[in-house]
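Student: What follows is the file start06.txt, containing compact mmCIF, C-alpha atoms:
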# COMPACT_ATOMS: atom_id res chain seq x y z
CA MET D 189 57.46 14.52 -43.33
CA GLU D 190 53.81 13.59 -43.68
CA LYS D 191 52.33 11.93 -40.61
CA VAL D 192 49.11 9.98 -40.04
CA ASP D 193 47.58 8.42 -36.97
CA VAL D 194 46.89 4.99 -38.45
CA THR D 195 48.20 2.99 -41.41
CA ILE D 196 46.45 -0.21 -42.43
CA VAL D 197 48.04 -2.61 -44.88
CA GLY D 198 45.42 -4.47 -46.89
CA ALA D 199 42.09 -3.27 -48.27
CA GLY D 200 40.09 -6.43 -47.89
CA VAL D 201 36.86 -6.46 -45.92
CA VAL D 202 38.74 -6.76 -42.61
CA GLY D 203 41.26 -4.02 -43.39
CA LEU D 204 38.48 -1.67 -44.49
CA ALA D 205 36.39 -2.49 -41.41
CA VAL D 206 39.39 -1.63 -39.21
CA ALA D 207 39.89 1.58 -41.19
CA HIS D 208 36.21 2.49 -40.78
CA THR D 209 36.46 1.92 -37.03
CA PHE D 210 39.50 4.14 -36.53
CA ALA D 211 38.27 6.86 -38.91
CA ASN D 212 34.93 7.05 -37.10
CA ALA D 213 36.86 7.61 -33.87
CA GLY D 214 38.50 10.72 -35.33
CA GLN D 215 41.82 9.17 -36.37
CA SER D 216 43.57 10.07 -39.63
CA VAL D 217 43.81 6.82 -41.59
CA VAL D 218 45.51 5.62 -44.77
CA VAL D 219 45.03 2.15 -46.26
CA LEU D 220 47.76 0.67 -48.46
CA GLU D 221 46.65 -1.91 -51.02
CA ARG D 222 48.92 -3.71 -53.49
CA ASN D 223 46.13 -4.38 -55.99
CA ALA D 224 44.41 -1.87 -58.28
CA SER D 225 41.30 -1.76 -56.07
CA PHE D 226 39.93 -3.02 -52.78
CA GLY D 227 38.88 -6.59 -51.99
CA GLN D 228 40.60 -8.30 -54.91
CA GLU D 229 41.79 -11.42 -53.08
CA VAL D 230 40.22 -13.34 -50.17
CA SER D 231 37.33 -10.89 -49.76
CA SER D 232 36.00 -11.35 -53.30
CA ARG D 233 36.49 -15.11 -53.49
CA ASN D 234 34.35 -16.64 -50.77
CA SER D 235 30.78 -17.79 -50.11
CA GLU D 236 29.54 -14.36 -48.88
CA VAL D 237 27.90 -16.01 -45.87
CA ILE D 238 27.16 -14.31 -42.55
CA HIS D 239 27.95 -17.14 -40.14
CA ALA D 240 26.13 -17.75 -36.87
CA GLY D 241 29.19 -18.79 -34.83
CA ILE D 242 28.38 -22.47 -34.57
CA TYR D 243 31.48 -24.52 -35.25
CA TYR D 244 34.36 -22.92 -33.37
CA PRO D 245 35.77 -23.98 -29.95
CA ALA D 246 34.29 -22.05 -27.03
CA GLY D 247 36.48 -19.15 -25.96
CA SER D 248 38.33 -18.95 -29.26
CA LEU D 249 38.63 -15.64 -31.10
CA LYS D 250 36.79 -17.18 -34.04
CA ALA D 251 33.84 -18.02 -31.78
CA LYS D 252 33.73 -14.75 -29.87
CA LEU D 253 34.34 -12.43 -32.82
CA CYS D 254 31.94 -14.31 -35.10
CA VAL D 255 29.04 -14.19 -32.62
CA GLU D 256 29.68 -10.51 -31.83
CA GLY D 257 30.45 -9.64 -35.43
CA LYS D 258 27.24 -11.23 -36.74
CA GLU D 259 25.11 -8.84 -34.71
CA LEU D 260 27.27 -5.83 -35.57
CA LEU D 261 27.18 -6.73 -39.26
CA TYR D 262 23.41 -7.19 -39.44
CA ALA D 263 22.92 -3.85 -37.65
CA TYR D 264 25.35 -2.14 -40.04
CA CYS D 265 23.59 -3.63 -43.07
CA GLU D 266 20.23 -2.36 -41.83
CA LYS D 267 21.57 1.11 -41.05
CA PHE D 268 23.41 1.61 -44.34
CA SER D 269 21.15 -0.44 -46.67
CA ILE D 270 23.75 -3.07 -47.55
CA PRO D 271 22.06 -5.85 -49.56
CA HIS D 272 21.75 -8.95 -47.38
CA GLN D 273 19.27 -11.64 -46.41
CA ARG D 274 18.79 -13.78 -43.28
CA ILE D 275 18.17 -16.81 -45.42
CA GLY D 276 19.06 -19.42 -42.81
CA LYS D 277 20.90 -22.68 -43.33
CA MET D 278 20.31 -26.38 -42.85
CA ILE D 279 23.16 -28.52 -41.51
CA VAL D 280 22.17 -31.97 -42.69
CA ALA D 281 22.99 -35.51 -41.59
CA THR D 282 22.74 -38.16 -44.28
CA CYS D 283 23.24 -41.15 -41.96
CA GLU D 284 22.99 -42.12 -38.28
CA GLU D 285 26.70 -41.47 -37.63
CA GLU D 286 26.32 -37.91 -38.86
CA GLU D 287 23.35 -37.36 -36.54
CA ASP D 288 25.79 -37.82 -33.66
CA VAL D 289 27.95 -35.10 -35.24
CA LEU D 290 24.92 -32.79 -35.25
CA ASP D 291 24.55 -33.35 -31.50
CA GLY D 292 28.12 -32.16 -31.04
CA ILE D 293 27.52 -29.13 -33.27
CA LEU D 294 24.48 -28.14 -31.20
CA LYS D 295 26.45 -28.34 -27.95
CA LYS D 296 29.32 -26.34 -29.42
CA ALA D 297 26.92 -23.67 -30.68
CA GLN D 298 25.28 -23.37 -27.27
CA ASN D 299 28.69 -23.06 -25.61
CA ASN D 300 29.38 -20.15 -27.96
CA GLY D 301 26.15 -18.38 -27.02
CA VAL D 302 24.24 -19.41 -30.15
CA HIS D 303 20.88 -20.63 -28.86
CA ASP D 304 18.65 -20.34 -31.91
CA LEU D 305 19.37 -23.68 -33.64
CA ILE D 306 16.25 -25.73 -34.30
CA TRP D 307 16.08 -29.49 -34.82
CA GLN D 308 14.52 -30.61 -38.08
CA SER D 309 13.16 -34.12 -38.43
CA LYS D 310 13.24 -35.87 -41.78
CA GLU D 311 9.62 -34.81 -42.29
CA ASP D 312 10.35 -31.18 -41.31
CA LEU D 313 13.20 -31.08 -43.77
CA GLN D 314 11.12 -32.57 -46.55
CA ASN D 315 8.53 -29.84 -46.10
CA LYS D 316 11.15 -27.07 -46.26
CA GLU D 317 13.66 -28.62 -48.65
CA PRO D 318 11.90 -31.39 -50.60
CA LEU D 319 14.90 -32.10 -52.84
CA VAL D 320 17.37 -32.54 -49.97
CA LYS D 321 18.05 -36.11 -48.83
CA ALA D 322 18.83 -36.27 -45.11
CA THR D 323 17.77 -38.11 -41.98
CA LYS D 324 17.93 -35.11 -39.68
CA ALA D 325 19.08 -31.50 -39.71
CA LEU D 326 19.82 -28.43 -37.61
CA PHE D 327 18.35 -25.17 -38.83
CA SER D 328 20.30 -21.96 -38.18
CA PRO D 329 17.93 -19.01 -38.70
CA SER D 330 20.59 -16.35 -38.06
CA THR D 331 22.86 -17.47 -40.91
CA GLY D 332 22.65 -15.09 -43.86
CA ILE D 333 24.15 -13.91 -47.12
CA ILE D 334 25.56 -10.50 -48.02
CA ASP D 335 26.82 -8.46 -50.94
CA THR D 336 30.45 -8.22 -49.81
CA HIS D 337 31.40 -5.69 -52.49
CA SER D 338 28.68 -3.28 -51.35
CA LEU D 339 29.84 -3.72 -47.76
CA MET D 340 33.46 -2.92 -48.63
CA ARG D 341 32.39 0.06 -50.73
CA SER D 342 30.42 1.37 -47.74
CA PHE D 343 33.45 1.00 -45.43
CA LEU D 344 35.59 2.85 -47.97
CA ARG D 345 33.01 5.63 -48.29
CA SER D 346 32.99 5.96 -44.49
CA LEU D 347 36.79 6.19 -44.47
CA GLU D 348 36.83 8.87 -47.15
CA ASN D 349 34.03 10.86 -45.51
CA HIS D 350 36.21 11.10 -42.42
CA GLY D 351 39.24 12.33 -44.36
CA GLY D 352 41.03 9.01 -44.81
CA PHE D 353 41.99 7.46 -48.12
CA LEU D 354 42.93 4.28 -49.92
CA SER D 355 46.28 4.17 -51.73
CA ALA D 356 45.88 1.41 -54.34
CA LYS D 357 48.68 -0.13 -56.41
CA THR D 358 50.92 0.47 -53.42
CA ARG D 359 53.36 -2.06 -52.01
CA LEU D 360 54.82 -1.78 -48.55
CA GLU D 361 58.61 -1.91 -48.93
CA ARG D 362 59.86 -1.63 -45.36
CA VAL D 363 58.97 -0.34 -41.92
CA SER D 364 61.37 1.12 -39.38
CA LEU D 365 60.68 1.91 -35.75
CA VAL D 366 60.91 5.61 -34.82
CA PRO D 367 60.27 7.36 -31.47
CA ASP D 368 56.62 8.20 -32.26
CA GLY D 369 55.71 5.03 -34.11
CA PHE D 370 56.74 3.85 -37.54
CA LEU D 371 58.54 5.13 -40.62
CA ILE D 372 56.76 3.51 -43.54
CA GLU D 373 58.33 3.26 -46.99
CA ALA D 374 56.05 2.31 -49.87
CA ASP D 375 56.12 1.96 -53.65
CA ASN D 376 53.20 3.40 -55.61
CA GLU D 377 53.54 2.30 -59.25
CA GLY D 378 57.31 2.73 -59.15
CA GLU D 379 57.33 5.94 -57.15
CA LEU D 380 58.87 5.56 -53.70
CA TYR D 381 57.59 7.64 -50.82
CA SER D 382 57.72 7.55 -47.04
CA PHE D 383 55.66 8.83 -44.12
CA GLU D 384 55.28 8.32 -40.39
CA SER D 385 52.40 6.64 -38.59
CA GLN D 386 51.65 6.21 -34.89
CA ILE D 387 49.75 2.95 -35.43
CA LEU D 388 50.33 0.17 -37.95
CA VAL D 389 47.78 -2.59 -38.56
CA ASN D 390 48.82 -5.51 -40.73
CA ALA D 391 45.59 -6.75 -42.36
CA ALA D 392 47.24 -8.02 -45.53
CA GLY D 393 45.58 -11.44 -45.58
CA LEU D 394 47.63 -13.68 -47.85
CA GLY D 395 50.48 -11.18 -47.56
CA ALA D 396 50.39 -10.71 -43.77
CA GLN D 397 53.51 -12.77 -43.12
CA THR D 398 55.42 -10.89 -45.83
CA VAL D 399 54.41 -7.57 -44.28
CA ALA D 400 55.59 -8.73 -40.86
CA HIS D 401 58.96 -9.71 -42.30
CA SER D 402 59.34 -6.18 -43.77
CA ILE D 403 59.43 -4.58 -40.30
CA ASN D 404 63.05 -3.92 -39.37
CA GLY D 405 63.93 -5.61 -36.10
CA PHE D 406 60.71 -7.60 -35.77
CA ASP D 407 61.36 -11.06 -34.34
CA PRO D 408 60.66 -13.56 -37.15
CA ALA D 409 60.02 -16.26 -34.56
CA LEU D 410 56.72 -14.48 -33.79
CA ILE D 411 55.48 -14.83 -37.38
CA PRO D 412 53.34 -17.98 -37.74
CA PRO D 413 53.81 -20.07 -40.91
CA LEU D 414 51.29 -19.50 -43.69
CA TYR D 415 49.53 -22.37 -45.44
CA LEU D 416 47.67 -21.64 -48.67
CA CYS D 417 44.41 -23.58 -48.96
CA LYS D 418 42.65 -23.50 -52.31
CA GLY D 419 38.90 -23.84 -52.59
CA ASN D 420 37.10 -24.44 -55.89
CA TYR D 421 33.51 -23.35 -56.49
CA PHE D 422 31.11 -24.70 -59.09
CA THR D 423 27.84 -23.00 -59.98
CA LEU D 424 24.53 -24.69 -60.75
CA SER D 425 22.67 -24.04 -63.98
CA GLY D 426 19.06 -22.97 -63.78
CA LYS D 427 16.79 -22.12 -60.90
CA SER D 428 18.00 -22.98 -57.43
CA PRO D 429 16.48 -26.18 -56.00
CA PHE D 430 16.98 -24.88 -52.43
CA ASN D 431 15.26 -22.34 -50.22
CA HIS D 432 18.08 -22.16 -47.68
CA LEU D 433 21.81 -22.72 -47.55
CA ILE D 434 22.58 -26.45 -47.31
CA TYR D 435 25.65 -27.60 -45.38
CA PRO D 436 26.83 -31.16 -44.78
CA VAL D 437 28.53 -31.94 -41.46
CA PRO D 438 32.03 -30.39 -41.39
CA GLU D 439 35.17 -32.17 -42.52
CA LYS D 440 36.73 -34.25 -39.74
CA SER D 441 40.07 -32.47 -40.20
CA GLY D 442 38.47 -29.12 -39.43
CA ALA D 443 40.03 -27.65 -42.58
CA GLY D 444 36.64 -26.81 -44.07
CA LEU D 445 32.89 -27.05 -43.67
CA GLY D 446 32.40 -29.52 -46.50
CA ILE D 447 31.17 -28.82 -50.02
CA HIS D 448 28.05 -26.87 -49.23
CA ALA D 449 25.35 -25.17 -51.27
CA THR D 450 25.01 -21.41 -50.94
CA LEU D 451 22.85 -18.90 -52.74
CA ASP D 452 23.79 -15.41 -53.78
CA LEU D 453 21.37 -12.50 -53.57
CA ALA D 454 20.37 -13.06 -57.20
CA GLY D 455 19.30 -16.61 -56.36
CA GLN D 456 22.10 -18.52 -58.08
CA THR D 457 23.35 -21.66 -56.37
CA ARG D 458 27.04 -22.34 -55.98
CA PHE D 459 28.77 -25.33 -54.42
CA GLY D 460 32.05 -25.24 -52.54
CA PRO D 461 34.63 -24.73 -51.43
CA ASP D 462 36.64 -27.91 -51.26
CA THR D 463 40.03 -27.89 -49.56
CA GLU D 464 43.38 -28.37 -51.29
CA TYR D 465 46.65 -27.18 -49.79
CA ILE D 466 48.87 -25.61 -52.44
CA SER D 467 52.40 -24.17 -52.58
CA ALA D 468 51.60 -20.99 -54.54
CA GLU D 469 48.50 -18.92 -55.31
CA ASN D 470 46.50 -20.43 -58.15
CA TYR D 471 43.04 -19.26 -59.20
CA ASP D 472 42.23 -21.81 -61.90
CA VAL D 473 39.12 -23.91 -61.24
CA MET D 474 40.24 -27.55 -61.27
CA GLU D 475 37.84 -29.22 -63.70
CA GLU D 476 39.21 -32.64 -62.69
CA ARG D 477 37.68 -32.13 -59.23
CA ARG D 478 34.17 -32.15 -60.70
CA PRO D 479 33.59 -35.87 -59.91
CA LEU D 480 34.52 -35.25 -56.27
CA PHE D 481 32.04 -32.38 -56.15
CA GLU D 482 29.30 -34.45 -57.74
CA GLU D 483 29.83 -37.29 -55.29
CA ALA D 484 29.77 -34.97 -52.27
CA ILE D 485 26.72 -33.02 -53.47
CA ARG D 486 24.66 -36.10 -54.39
CA ARG D 487 24.91 -37.33 -50.81
CA TYR D 488 22.41 -34.61 -49.87
CA TYR D 489 21.09 -33.62 -53.32
CA PRO D 490 20.72 -36.85 -55.34
CA ALA D 491 18.83 -35.12 -58.17
CA LEU D 492 21.97 -33.30 -59.33
CA GLY D 493 22.32 -33.69 -63.10
CA SER D 494 25.77 -34.44 -64.51
CA MET D 495 25.65 -31.43 -66.87
CA LYS D 496 24.36 -28.95 -64.30
CA LEU D 497 27.67 -27.96 -62.69
CA ASN D 498 29.74 -25.20 -64.26
CA PRO D 499 33.22 -24.01 -63.21
CA GLY D 500 32.78 -20.96 -60.97
CA TYR D 501 35.77 -19.40 -59.26
CA VAL D 502 38.54 -20.15 -56.77
CA GLY D 503 39.38 -18.73 -53.38
CA VAL D 504 42.66 -19.11 -51.50
CA ARG D 505 42.50 -19.06 -47.70
CA PRO D 506 45.42 -17.83 -45.54
CA LYS D 507 45.44 -20.73 -43.09
CA LEU D 508 47.56 -21.15 -39.99
CA GLN D 509 46.38 -24.76 -39.74
CA SER D 510 48.75 -27.09 -41.57
CA PRO D 511 47.50 -30.06 -43.62
CA THR D 512 48.30 -32.38 -40.69
CA SER D 513 47.15 -30.24 -37.74
CA THR D 514 43.74 -29.47 -36.25
CA PHE D 515 41.90 -26.23 -35.46
CA HIS D 516 43.96 -23.04 -35.41
CA ASP D 517 42.49 -19.78 -34.19
CA PHE D 518 42.86 -16.27 -35.55
CA VAL D 519 46.08 -14.65 -34.35
CA ILE D 520 45.62 -10.98 -33.47
CA GLN D 521 49.07 -10.07 -32.23
CA ASP D 522 49.65 -6.84 -30.30
CA SER D 523 52.30 -5.28 -28.06
CA SER D 524 51.57 -7.73 -25.25
CA VAL D 525 53.32 -10.30 -27.48
CA HIS D 526 55.93 -8.36 -29.48
CA HIS D 527 56.37 -5.29 -27.19
CA ILE D 528 56.07 -2.76 -30.03
CA PRO D 529 53.39 -0.18 -29.11
CA GLY D 530 50.89 0.61 -31.85
CA LEU D 531 51.59 -2.49 -33.96
CA VAL D 532 48.89 -5.12 -34.58
CA HIS D 533 49.26 -8.13 -36.84
CA LEU D 534 46.23 -10.05 -38.14
CA PHE D 535 47.38 -13.53 -39.10
CA GLY D 536 45.21 -16.34 -40.47
CA ILE D 537 42.05 -14.27 -40.98
CA GLU D 538 40.04 -16.74 -43.01
CA SER D 539 36.41 -17.72 -42.38
CA PRO D 540 34.63 -16.35 -40.36
CA GLY D 541 36.62 -13.19 -41.13
CA LEU D 542 33.85 -11.59 -43.19
CA THR D 543 31.26 -12.11 -40.45
CA SER D 544 33.73 -10.96 -37.79
CA CYS D 545 35.07 -7.90 -39.64
CA LEU D 546 33.42 -5.18 -37.51
CA ALA D 547 34.16 -7.08 -34.30
CA ILE D 548 37.79 -7.40 -35.40
CA GLY D 549 37.87 -3.64 -36.05
CA LYS D 550 36.53 -3.00 -32.55
CA HIS D 551 38.96 -5.50 -31.04
CA VAL D 552 42.00 -3.96 -32.75
CA PHE D 553 40.92 -0.44 -31.78
CA ASN D 554 40.61 -1.49 -28.14
CA GLN D 555 44.04 -3.16 -28.24
CA VAL D 556 45.84 0.04 -29.26
CA LYS D 557 43.52 2.68 -27.79
CA GLY D 558 41.89 0.94 -24.85
Give the structure from this file in structure tokens form.

Tutor:
Amino acid sequence: MEKVDVTIVGAGVVGLAVAHTFANAGQSVVVLERNASFGQEVSSRNSEVIHAGIYYPAGSLKAKLCVEGKELLYAYCEKFSIPHQRIGKMIVATCEEEEDVLDGILKKAQNNGVHDLIWQSKEDLQNKEPLVKATKALFSPSTGIIDTHSLMRSFLRSLENHGGFLSAKTRLERVSLVPDGFLIEADNEGELYSFESQILVNAAGLGAQTVAHSINGFDPALIPPLYLCKGNYFTLSGKSPFNHLIYPVPEKSGAGLGIHATLDLAGQTRFGPDTEYISAENYDVMEERRPLFEEAIRRYYPALGSMKLNPGYVGVRPKLQSPTSTFHDFVIQDSSVHHIPGLVHLFGIESPGLTSCLAIGKHVFNQVKG
């Protein structure tokens, strides 16, 4: 029977970063992906922002892996010519109450080791972003944007150059525990096949809980519930009115960062995402949410014209935070929890998963090889 060192389920940006990490360490790696190509779900439906590590509780995985991952990602982009830009972002307060929120954001950022935030007075902001209405702002110079598709393609090229491969249109059917690891049974376009793997990494994103349930004998009590959170994006017609990314203060629930303005590398502005918990995956832009977008955007960009917004796209986030709960961290579950050597589950890898991808790869490698 065919044997490999490492099997990774899920070819999103995190799964491919993990694959790149193991392959570069001399491991034989196969990546199983249920879609026809890589990065078809969460990884291709986000804001493509490299986050600074500002918002997350000190000591959390999201904080630690985002701050570490940001530096690793910028270095990787420079080394392998991945299109990106340190464009910076403004976190804006539109009233006195929100200025107090900015104070809390600054303290949280400093607790996370992010010390480059710069206060912007109303006059400073007007000089840099004349069309933005705000009383005060924090400028994050280390926030950036990236071509996520080029990044994933680079990870895949690295995997293949080291002898690994991606098996697309492949669904994991079941996993059984064997003396040297795992017996993996998969379906590739109707053809069933099986192989053994010493290490199994579940990086299936929206499907991570389903993958965990497919492992014979795995305790279902260790599988956290999944909550699907839909985010709509609208794009702005014409030339961008902004020079930086523009973020309002985050939502009080912690479910999102508010309807913010981001730019892609071509200079187009897009607004979003909003947050809407749903019962099943749905990728239709909700046109009826346009008035909510316009109201939120005009708080910091009052010049928005009513005909300027166009339906963009939708992302669905694999949240562990329920609609009624507060912050929930990444769950990177290894043998210290489930007592199965070589098995790592990645649950709830939403934002800042893209920024953290290389740090997550390093973290997972150290968990099973360290």

Student: Could you please determine the separation between CA of Asn300 (chain D) and CA of Glu538 (chain D) in Å, to one decimal place?

Tutor: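 Going from CA of Asn300 (chain D) over to CA of Glu538 (chain D), I get 18.8 Å.
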
Student: Could you state the separation of CA of Leu453 (chain D) and CA of Val504 (chain D) in Å, given to one decimal place?

Tutor: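 Answer for the CA of Leu453 (chain D) to CA of Val504 (chain D) separation: 22.4 Å.
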
Student: What does the structure give for the distance between CA of Gln215 (chain D) and CA of Asp517 (chain D), in Å to one decimal?

Tutor: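 CA of Gln215 (chain D) sits 29.0 Å away from CA of Asp517 (chain D).
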
Student: Let me make sure I understand: among D:Leu220, D:Val230, D:Met474, D:Cys265, which one has the smallest atom-to-atom distance to Phe343 (chain D) if we use all atoms listed in the file?

Tutor: D:Cys265

Student: Using only C-alpha atoms, which of D:Trp307, D:Phe268, D:Tyr381, D:Phe327 sits nearest Arg341 (chain D)?

Tutor: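 Ranking D:Trp307, D:Phe268, D:Tyr381, D:Phe327 by distance to Arg341 (chain D), first place goes to D:Phe268.
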
Student: Identify which of the residues D:Arg362, D:His516, D:His533, D:His350 lies closest to Tyr244 (chain D), counting all atoms listed in the file when measuring atom-to-atom distances.

Tutor: D:His516

Student: Gly247 (chain D): which residues within 10 Å, counting only C-alpha atoms, same-chain residues fewer than 4 positions away excluded, as a list in words?

Tutor: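 The contact residues come out as Ala251, Lys252, Leu253, Asn299 and Asn300 of chain D.
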
Student: Could the residues in this selection be saved with C-alpha atoms as a compact mmCIF listing (two decimals), keeping the file's coordinate frame?

Tutor:
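This went into again08.txt:
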# COMPACT_ATOMS: atom_id res chain seq x y z
CA ALA D 251 33.84 -18.02 -31.78
CA LYS D 252 33.73 -14.75 -29.87
CA LEU D 253 34.34 -12.43 -32.82
CA ASN D 299 28.69 -23.06 -25.61
CA ASN D 300 29.38 -20.15 -27.96

Student: Considering all atoms listed in the file, return as a list in words whatever protein or nucleic-acid residues lie within 8 Å of Gly200 (chain D), sequence-local ones (same chain, fewer than 4 positions apart) excluded.

Tutor: Leu204, Phe226, Gly227, Gln228, Glu229, Val230, Ser231, Met340, Ala391, Ala392 and Gly393 of chain D

Student: Do you know which residues are at most 12 Å from region 269-275 of chain D counting only C-alpha atoms, after dropping those on the same chain fewer than 2 positions away, and could you put them as a PyMOL selection string?

Tutor: chain D and resi 236-240+258-259+261-267+277-278+327-343+430-434+450-455

Student: Within 6 Å of Ile447 (chain D), counting only C-alpha atoms, which residues qualify if same-chain residues fewer than 2 places away don't, as a PDB file with C-alpha atoms, keeping the file's coordinate frame?

Tutor:
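Result saved to around18.pdb:
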ATOM      1  CA  GLY D 460      32.050 -25.240 -52.540  1.00  0.00           C
ATOM      2  CA  PRO D 461      34.630 -24.730 -51.430  1.00  0.00           C
ATOM      3  CA  ASP D 462      36.640 -27.910 -51.260  1.00  0.00           C
TER       4      ASP D 462
END

Student: For a quick check of understanding, using only C-alpha atoms, which of D:Thr323, D:Val399, D:Arg345, D:Tyr243 has the smallest distance to Lys295 (chain D)?

Tutor: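 Using only C-alpha atoms, the shortest distance to Lys295 (chain D) belongs to D:Tyr243.
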
Student: Using only C-alpha atoms, pick whichever of D:Ala468, D:Val201, D:Ala207, D:Leu492 has the shortest atom-to-atom distance to Val320 (chain D).

Tutor: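 Of all the options, D:Leu492 lies closest to Val320 (chain D).
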
Student: As an mmCIF file, in the frame of the given file, please: region 287-300 of chain D completed to N, CA and C atoms.

Tutor:
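Saved to part.cif:
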data_model
loop_
_atom_site.group_PDB
_atom_site.id
_atom_site.type_symbol
_atom_site.label_atom_id
_atom_site.label_comp_id
_atom_site.auth_asym_id
_atom_site.auth_seq_id
_atom_site.Cartn_x
_atom_site.Cartn_y
_atom_site.Cartn_z
ATOM 1 N N GLU D 287 24.275 -37.925 -37.536
ATOM 2 C CA GLU D 287 23.350 -37.360 -36.540
ATOM 3 C C GLU D 287 24.065 -37.114 -35.222
ATOM 4 N N ASP D 288 24.988 -38.022 -34.871
ATOM 5 C CA ASP D 288 25.790 -37.820 -33.660
ATOM 6 C C ASP D 288 26.663 -36.571 -33.796
ATOM 7 N N VAL D 289 27.149 -36.311 -34.996
ATOM 8 C CA VAL D 289 27.950 -35.100 -35.240
ATOM 9 C C VAL D 289 27.093 -33.855 -35.024
ATOM 10 N N LEU D 290 25.830 -33.915 -35.463
ATOM 11 C CA LEU D 290 24.920 -32.790 -35.250
ATOM 12 C C LEU D 290 24.725 -32.506 -33.767
ATOM 13 N N ASP D 291 24.677 -33.554 -32.954
ATOM 14 C CA ASP D 291 24.550 -33.350 -31.500
ATOM 15 C C ASP D 291 25.734 -32.549 -30.980
ATOM 16 N N GLY D 292 26.928 -32.891 -31.455
ATOM 17 C CA GLY D 292 28.120 -32.160 -31.040
ATOM 18 C C GLY D 292 28.117 -30.724 -31.515
ATOM 19 N N ILE D 293 27.605 -30.495 -32.728
ATOM 20 C CA ILE D 293 27.520 -29.130 -33.270
ATOM 21 C C ILE D 293 26.578 -28.295 -32.418
ATOM 22 N N LEU D 294 25.444 -28.871 -32.030
ATOM 23 C CA LEU D 294 24.480 -28.140 -31.200
ATOM 24 C C LEU D 294 25.111 -27.738 -29.866
ATOM 25 N N LYS D 295 25.815 -28.653 -29.234
ATOM 26 C CA LYS D 295 26.450 -28.340 -27.950
ATOM 27 C C LYS D 295 27.505 -27.252 -28.119
ATOM 28 N N LYS D 296 28.290 -27.339 -29.180
ATOM 29 C CA LYS D 296 29.320 -26.340 -29.420
ATOM 30 C C LYS D 296 28.694 -24.971 -29.655
ATOM 31 N N ALA D 297 27.612 -24.928 -30.430
ATOM 32 C CA ALA D 297 26.920 -23.670 -30.680
ATOM 33 C C ALA D 297 26.401 -23.063 -29.383
ATOM 34 N N GLN D 298 25.797 -23.877 -28.537
ATOM 35 C CA GLN D 298 25.280 -23.370 -27.270
ATOM 36 C C GLN D 298 26.396 -22.857 -26.374
ATOM 37 N N ASN D 299 27.536 -23.533 -26.376
ATOM 38 C CA ASN D 299 28.690 -23.060 -25.610
ATOM 39 C C ASN D 299 29.196 -21.717 -26.103
ATOM 40 N N ASN D 300 28.951 -21.426 -27.378
ATOM 41 C CA ASN D 300 29.380 -20.150 -27.960
ATOM 42 C C ASN D 300 28.333 -19.049 -27.816
#
